[in-house]
Amino acid sequence: MFLFFRRLAPLPLLALAASLALHVTALAQERVATGPTASRPVAASQTPPAFPAAWDRLSAELRDTLQATGMVGSSWAFVRGGEVVAMETFGFADLETGRPVDEATIYHWGSITKTLTGIAIMQLRDCGRLDLDDSILHYVPELREAHNPFGPMEAITLRHLLSHSAGFRNSTWPWGGGEPWHLHEPARWEQLVAMMPYTEVLFLPGSRYSYSNPGIVFLGQVIERLSGDDWEVYVEKNILRPLDMRRSYFDHTPYHLLKDRSNNYSVRDEVPTAGGLDFDTGITVSNGGLNAPLGDLALYLAFLTDAGTPDQRDMYRQVLGRASLEEMWNEVVPVEETATLRESMGLCFFLEDFRGVRYVGHTGSQKSFQAFVYIDPVARTGAMAAFNSTGAGPEATARPATRTILNQLRERMFAEIFPLFR
């Protein structure tokens, strides 16, 4: 039994009240009353009998926690057979305007973007443009300048990078990043190239797992150099467009979607500070640049679970053959193990073995956004959640402790919701 959603006495949300008092119009105030508790009705005909009650119980307890800990806005949903069978929204997409979260709200999905980069590499592999065991130096010779105390740089392969087992550091920047005038992420490739002589391989490539953002950026360069397209253009043409993800994009928001874009908030002492509707992930877009509403992520989960009409499934195979997609879900290196969960790494996808069932997906965290997507490939079901606020300071004392909420919600989905569909 998971305890993180115990009912807590609501705390005074001083900043939210002050912001509404100053900025919300009478019309917005009417919307505020329904914003934190909005939901999409459960499609009972598509769900097991026990699902509506289980979903309502989880969602009610989650709302209590989000309100008690100062979350500004959130959405979560469950998908079966490519269809959203339940979706919930909480709170506000933008406090200044009093705009509540709704089904159209666009979140930033951070490192979930990495799965798109992995799929693009597999597309190029299946087209005969590369081999996963090719040396990264064959495509990105600038990496020769990095220091590798374990052997030649030529030994680092695309497969190592896809599985976070190449030995590169976690952060894109090897130093700095704490000053307000610092760039959020490197804006240009030559900035990363300038860091190559200061980059060290930290362990024997292939010997273990260590999460690496720059490793995925190097794969983004492979895609650009082989295809001749910018990474964003390649992915839009070859993944987003055929999957009909028309409201998904990278970095700055198109004008026609600004009305749906969620802000993001750092919360300190119950006071949320807005991070801005847009930010630029620069040259690291292949590592974490995706923005999208939950509806578009449902289309992505339909592709991952091979759910939909015969025409849709035919299109999925034009994006990536099923055998190649499932190849990405084979364990390459272990990550960690707890009493209830064994986590390992495939090719740009995390594998979560929970009570004898393997779930496949990824989490994302950037600015104050945090999110996850996971599927049960056998049952063709999926879950997703996004949060637009994070408490400042260490996770143990932060309110909201969004990483903790995310991880425990994920495990509750594994324990209470997914098994109902098996």
# chains A, B, ... in the order shown; residues from 1 in each chain; ligands from 1
>>> residues_around(residues="Gln370 (chain A)", least_positions_apart="2", cutoff="7 Å", atoms="only C-alpha atoms", output="count of residues only")
7
>>> select_by_dssp(residues="region 151-283 of chain A", states="helix (DSSP H, G or I)", output="number ranges by chain")
A: 153-155, 158-162, 189-198, 213-227, 231-240, 255-260, 282-283
>>> write_last_selection(atoms="C-alpha atoms", output="PDB file, in the first residue's frame")
ATOM      1  CA  MET A 153      37.536   7.157 -28.023  1.00  0.00           C
ATOM      2  CA  GLU A 154      36.800   5.025 -31.099  1.00  0.00           C
ATOM      3  CA  ALA A 155      35.516   2.330 -28.727  1.00  0.00           C
ATOM      4  CA  LEU A 158      26.044   4.622 -30.796  1.00  0.00           C
ATOM      5  CA  ARG A 159      24.627   1.752 -28.731  1.00  0.00           C
ATOM      6  CA  HIS A 160      26.558   2.983 -25.687  1.00  0.00           C
ATOM      7  CA  LEU A 161      25.068   6.451 -26.120  1.00  0.00           C
ATOM      8  CA  LEU A 162      21.521   5.141 -26.629  1.00  0.00           C
ATOM      9  CA  TRP A 189      27.194  23.183 -31.195  1.00  0.00           C
ATOM     10  CA  GLU A 190      30.544  24.999 -31.105  1.00  0.00           C
ATOM     11  CA  GLN A 191      29.991  25.677 -27.381  1.00  0.00           C
ATOM     12  CA  LEU A 192      29.888  21.930 -26.761  1.00  0.00           C
ATOM     13  CA  VAL A 193      32.892  21.424 -29.029  1.00  0.00           C
ATOM     14  CA  ALA A 194      34.819  23.936 -26.908  1.00  0.00           C
ATOM     15  CA  MET A 195      34.101  21.721 -23.873  1.00  0.00           C
ATOM     16  CA  MET A 196      35.462  18.546 -25.481  1.00  0.00           C
ATOM     17  CA  PRO A 197      39.014  18.924 -24.085  1.00  0.00           C
ATOM     18  CA  TYR A 198      37.436  19.342 -20.620  1.00  0.00           C
ATOM     19  CA  ASN A 213      22.378  14.407 -21.380  1.00  0.00           C
ATOM     20  CA  PRO A 214      25.343  15.299 -23.642  1.00  0.00           C
ATOM     21  CA  GLY A 215      25.453  11.703 -24.874  1.00  0.00           C
ATOM     22  CA  ILE A 216      21.991  12.157 -26.392  1.00  0.00           C
ATOM     23  CA  VAL A 217      23.008  15.521 -27.888  1.00  0.00           C
ATOM     24  CA  PHE A 218      25.845  13.713 -29.685  1.00  0.00           C
ATOM     25  CA  LEU A 219      23.219  11.385 -31.184  1.00  0.00           C
ATOM     26  CA  GLY A 220      21.273  14.464 -32.266  1.00  0.00           C
ATOM     27  CA  GLN A 221      24.338  15.500 -34.260  1.00  0.00           C
ATOM     28  CA  VAL A 222      24.431  12.072 -35.919  1.00  0.00           C
ATOM     29  CA  ILE A 223      20.825  12.546 -37.072  1.00  0.00           C
ATOM     30  CA  GLU A 224      21.502  16.019 -38.435  1.00  0.00           C
ATOM     31  CA  ARG A 225      24.684  15.050 -40.283  1.00  0.00           C
ATOM     32  CA  LEU A 226      23.217  11.946 -41.909  1.00  0.00           C
ATOM     33  CA  SER A 227      19.828  13.443 -42.813  1.00  0.00           C
ATOM     34  CA  TRP A 231      17.039  17.679 -35.625  1.00  0.00           C
ATOM     35  CA  GLU A 232      13.670  19.388 -35.081  1.00  0.00           C
ATOM     36  CA  VAL A 233      12.871  19.292 -38.810  1.00  0.00           C
ATOM     37  CA  TYR A 234      13.823  15.624 -39.132  1.00  0.00           C
ATOM     38  CA  VAL A 235      11.693  14.567 -36.147  1.00  0.00           C
ATOM     39  CA  GLU A 236       8.714  16.684 -37.202  1.00  0.00           C
ATOM     40  CA  LYS A 237       8.770  15.204 -40.725  1.00  0.00           C
ATOM     41  CA  ASN A 238       9.474  11.596 -39.792  1.00  0.00           C
ATOM     42  CA  ILE A 239       7.763  11.104 -36.416  1.00  0.00           C
ATOM     43  CA  LEU A 240       5.378  13.868 -35.344  1.00  0.00           C
ATOM     44  CA  TYR A 255       1.538  31.959 -32.001  1.00  0.00           C
ATOM     45  CA  HIS A 256      -1.666  29.983 -32.464  1.00  0.00           C
ATOM     46  CA  LEU A 257      -0.824  27.717 -29.491  1.00  0.00           C
ATOM     47  CA  LEU A 258       0.238  30.378 -26.967  1.00  0.00           C
ATOM     48  CA  LYS A 259      -3.270  30.413 -25.476  1.00  0.00           C
ATOM     49  CA  ASP A 260      -2.736  26.807 -24.317  1.00  0.00           C
ATOM     50  CA  GLY A 282      19.375  25.379 -27.846  1.00  0.00           C
ATOM     51  CA  ILE A 283      21.663  22.706 -29.238  1.00  0.00           C
TER      52      ILE A 283
END
>>> select_by_dssp(residues="region 120-258 of chain A", states="strand (DSSP E or B)", output="list in words")
Ser135, His147, Thr157, Glu200, Tyr249 and Phe250 of chain A
>>> closest_residue(among="A:Ile136, A:Val201, A:Val79, A:Met87", to="Tyr374 (chain A)", atoms="only C-alpha atoms")
A:Val79
>>> residues_around(residues="Asp296 (chain A)", least_positions_apart="3", cutoff="6 Å", atoms="only C-alpha atoms", output="list in words")
Met245, Pro293 and Leu299 of chain A
>>> write_last_selection(atoms="C-alpha atoms", output="short mmCIF file (atom, residue, chain, number, x, y, z; two decimals), in the first residue's frame")
data_model
loop_
_atom_site.label_atom_id
_atom_site.label_comp_id
_atom_site.auth_asym_id
_atom_site.auth_seq_id
_atom_site.Cartn_x
_atom_site.Cartn_y
_atom_site.Cartn_z
CA MET A 245 0.88 15.07 -33.42
CA PRO A 293 -0.65 18.55 -24.81
CA LEU A 299 -1.18 9.52 -30.03
#
>>> residues_around(residues="region 407-419 of chain A", least_positions_apart="4", cutoff="8 Å", atoms="only C-alpha atoms", output="list in words")
Phe2, Phe4, Phe51, Ala54, Trp55, Phe354, Phe372, Asp376, Thr381, Gly382, Ala383 and Arg403 of chain A
>>> write_last_selection(atoms="C-alpha atoms", output="PDB file, in the first residue's frame")
ATOM      1  CA  PHE A   2       1.448   3.390  -0.970  1.00  0.00           C
ATOM      2  CA  PHE A   4       2.174   9.298  -0.231  1.00  0.00           C
ATOM      3  CA  PHE A  51     -11.401   0.843 -13.110  1.00  0.00           C
ATOM      4  CA  ALA A  54      -9.857   2.836  -8.629  1.00  0.00           C
ATOM      5  CA  TRP A  55      -9.173   5.807 -10.895  1.00  0.00           C
ATOM      6  CA  PHE A 354       7.139  -4.305 -11.187  1.00  0.00           C
ATOM      7  CA  PHE A 372       6.280  10.765 -17.216  1.00  0.00           C
ATOM      8  CA  ASP A 376       2.283  -1.855 -20.762  1.00  0.00           C
ATOM      9  CA  THR A 381      -2.290   0.519 -22.117  1.00  0.00           C
ATOM     10  CA  GLY A 382      -0.453   3.639 -21.063  1.00  0.00           C
ATOM     11  CA  ALA A 383      -0.318   6.329 -18.394  1.00  0.00           C
ATOM     12  CA  ARG A 403       9.912  14.301  -8.046  1.00  0.00           C
TER      13      ARG A 403
END
>>> residues_around(residues="Val72 (chain A)", least_positions_apart="6", cutoff="7 Å", atoms="only C-alpha atoms", output="NGL selection string")
:A and (91-92 or 388-389)
>>> write_last_selection(atoms="C-alpha atoms", output="PDB file, in the first residue's frame")
ATOM      1  CA  GLY A  91      -5.104  23.968 -10.951  1.00  0.00           C
ATOM      2  CA  PHE A  92      -3.711  26.624 -13.225  1.00  0.00           C
ATOM      3  CA  ASN A 388       4.161  22.541 -13.885  1.00  0.00           C
ATOM      4  CA  SER A 389       5.626  23.314 -10.449  1.00  0.00           C
TER       5      SER A 389
END
>>> residues_around(residues="Ala302 (chain A)", least_positions_apart="5", cutoff="10 Å", atoms="only C-alpha atoms", output="PyMOL selection string")
chain A and resi 79-84+243+296-297+307-308+312-313+316+375+380-382
>>> write_last_selection(atoms="N, CA and C atoms", output="PDB file, in the first residue's frame")
ATOM      1  N   VAL A  79      -4.592   5.604 -20.926  1.00  0.00           N
ATOM      2  CA  VAL A  79      -4.890   5.315 -22.328  1.00  0.00           C
ATOM      3  C   VAL A  79      -5.012   3.811 -22.507  1.00  0.00           C
ATOM      4  N   ARG A  80      -6.023   3.400 -23.269  1.00  0.00           N
ATOM      5  CA  ARG A  80      -6.161   1.989 -23.626  1.00  0.00           C
ATOM      6  C   ARG A  80      -6.497   1.897 -25.109  1.00  0.00           C
ATOM      7  N   GLY A  81      -5.774   1.039 -25.815  1.00  0.00           N
ATOM      8  CA  GLY A  81      -6.051   0.843 -27.229  1.00  0.00           C
ATOM      9  C   GLY A  81      -5.952   2.112 -28.042  1.00  0.00           C
ATOM     10  N   GLY A  82      -5.089   3.019 -27.616  1.00  0.00           N
ATOM     11  CA  GLY A  82      -4.905   4.270 -28.329  1.00  0.00           C
ATOM     12  C   GLY A  82      -5.909   5.341 -27.989  1.00  0.00           C
ATOM     13  N   GLU A  83      -6.851   5.061 -27.090  1.00  0.00           N
ATOM     14  CA  GLU A  83      -7.883   6.027 -26.717  1.00  0.00           C
ATOM     15  C   GLU A  83      -7.696   6.462 -25.264  1.00  0.00           C
ATOM     16  N   VAL A  84      -7.886   7.755 -24.993  1.00  0.00           N
ATOM     17  CA  VAL A  84      -7.863   8.252 -23.623  1.00  0.00           C
ATOM     18  C   VAL A  84      -9.153   7.829 -22.940  1.00  0.00           C
ATOM     19  N   LEU A 243       2.442  10.669 -37.183  1.00  0.00           N
ATOM     20  CA  LEU A 243       1.632  10.260 -36.034  1.00  0.00           C
ATOM     21  C   LEU A 243       0.525  11.266 -35.730  1.00  0.00           C
ATOM     22  N   ASP A 296      -1.743  14.803 -27.638  1.00  0.00           N
ATOM     23  CA  ASP A 296      -0.721  14.381 -28.590  1.00  0.00           C
ATOM     24  C   ASP A 296       0.132  13.254 -28.019  1.00  0.00           C
ATOM     25  N   LEU A 297       0.394  13.303 -26.712  1.00  0.00           N
ATOM     26  CA  LEU A 297       1.140  12.195 -26.102  1.00  0.00           C
ATOM     27  C   LEU A 297       0.332  10.908 -26.148  1.00  0.00           C
ATOM     28  N   ALA A 307      -1.639   0.405 -31.175  1.00  0.00           N
ATOM     29  CA  ALA A 307      -3.095   0.426 -31.034  1.00  0.00           C
ATOM     30  C   ALA A 307      -3.704   1.381 -32.052  1.00  0.00           C
ATOM     31  N   GLY A 308      -4.823   0.994 -32.608  1.00  0.00           N
ATOM     32  CA  GLY A 308      -5.506   1.865 -33.561  1.00  0.00           C
ATOM     33  C   GLY A 308      -6.084   1.075 -34.710  1.00  0.00           C
ATOM     34  N   GLN A 312      -3.882   3.195 -39.279  1.00  0.00           N
ATOM     35  CA  GLN A 312      -2.966   3.789 -38.312  1.00  0.00           C
ATOM     36  C   GLN A 312      -1.779   2.871 -38.049  1.00  0.00           C
ATOM     37  N   ARG A 313      -2.049   1.584 -37.900  1.00  0.00           N
ATOM     38  CA  ARG A 313      -0.968   0.643 -37.607  1.00  0.00           C
ATOM     39  C   ARG A 313      -0.028   0.506 -38.801  1.00  0.00           C
ATOM     40  N   TYR A 316       2.229   3.396 -38.426  1.00  0.00           N
ATOM     41  CA  TYR A 316       3.220   3.171 -37.380  1.00  0.00           C
ATOM     42  C   TYR A 316       4.446   2.451 -37.951  1.00  0.00           C
ATOM     43  N   ILE A 375       4.058   2.698 -20.652  1.00  0.00           N
ATOM     44  CA  ILE A 375       3.118   1.788 -21.301  1.00  0.00           C
ATOM     45  C   ILE A 375       3.307   0.378 -20.782  1.00  0.00           C
ATOM     46  N   ARG A 380      -1.441  -3.119 -24.086  1.00  0.00           N
ATOM     47  CA  ARG A 380      -1.663  -1.931 -24.930  1.00  0.00           C
ATOM     48  C   ARG A 380      -2.319  -0.798 -24.154  1.00  0.00           C
ATOM     49  N   THR A 381      -1.814  -0.569 -22.958  1.00  0.00           N
ATOM     50  CA  THR A 381      -2.290   0.519 -22.117  1.00  0.00           C
ATOM     51  C   THR A 381      -1.136   1.460 -21.816  1.00  0.00           C
ATOM     52  N   GLY A 382      -1.481   2.671 -21.384  1.00  0.00           N
ATOM     53  CA  GLY A 382      -0.453   3.639 -21.063  1.00  0.00           C
ATOM     54  C   GLY A 382      -0.948   4.671 -20.073  1.00  0.00           C
TER      55      GLY A 382
END
>>> closest_residue(among="A:His184, A:His138, A:His362, A:Arg268", to="Ala392 (chain A)", atoms="only C-alpha atoms")
A:Arg268
>>> residues_around(residues="Thr157 (chain A)", least_positions_apart="4", cutoff="8 Å", atoms="only C-alpha atoms", output="list in words")
Leu132, Asp133, Asp134, Ser135, Ile136, Leu161 and Ala166 of chain A
>>> write_last_selection(atoms="C-alpha atoms", output="CSV table (one decimal), in the first residue's frame")
chain,number,residue,atom,x,y,z
A,132,LEU,CA,24.3,0.8,-33.7
A,133,ASP,CA,27.8,-0.6,-33.1
A,134,ASP,CA,29.5,2.1,-35.2
A,135,SER,CA,31.9,4.4,-33.3
A,136,ILE,CA,30.5,7.8,-32.5
A,161,LEU,CA,25.1,6.5,-26.1
A,166,ALA,CA,29.1,5.5,-22.7
>>> closest_residue(among="A:Met328, A:Leu294, A:Leu420, A:Ala401", to="Val267 (chain A)", atoms="only C-alpha atoms")
A:Ala401
>>> closest_residue(among="A:Arg322, A:Arg63, A:Arg317, A:Arg169", to="Ser212 (chain A)", atoms="only C-alpha atoms")
A:Arg169
>>> atom_distance(atom1="CA of Glu352 (chain A)", atom2="CA of Glu337 (chain A)")
9.6 Å
>>> atom_distance(atom1="CA of Ser344 (chain A)", atom2="CA of Leu116 (chain A)")
18.7 Å
>>> atom_distance(atom1="CA of Gly70 (chain A)", atom2="CA of Thr105 (chain A)")
19.1 Å
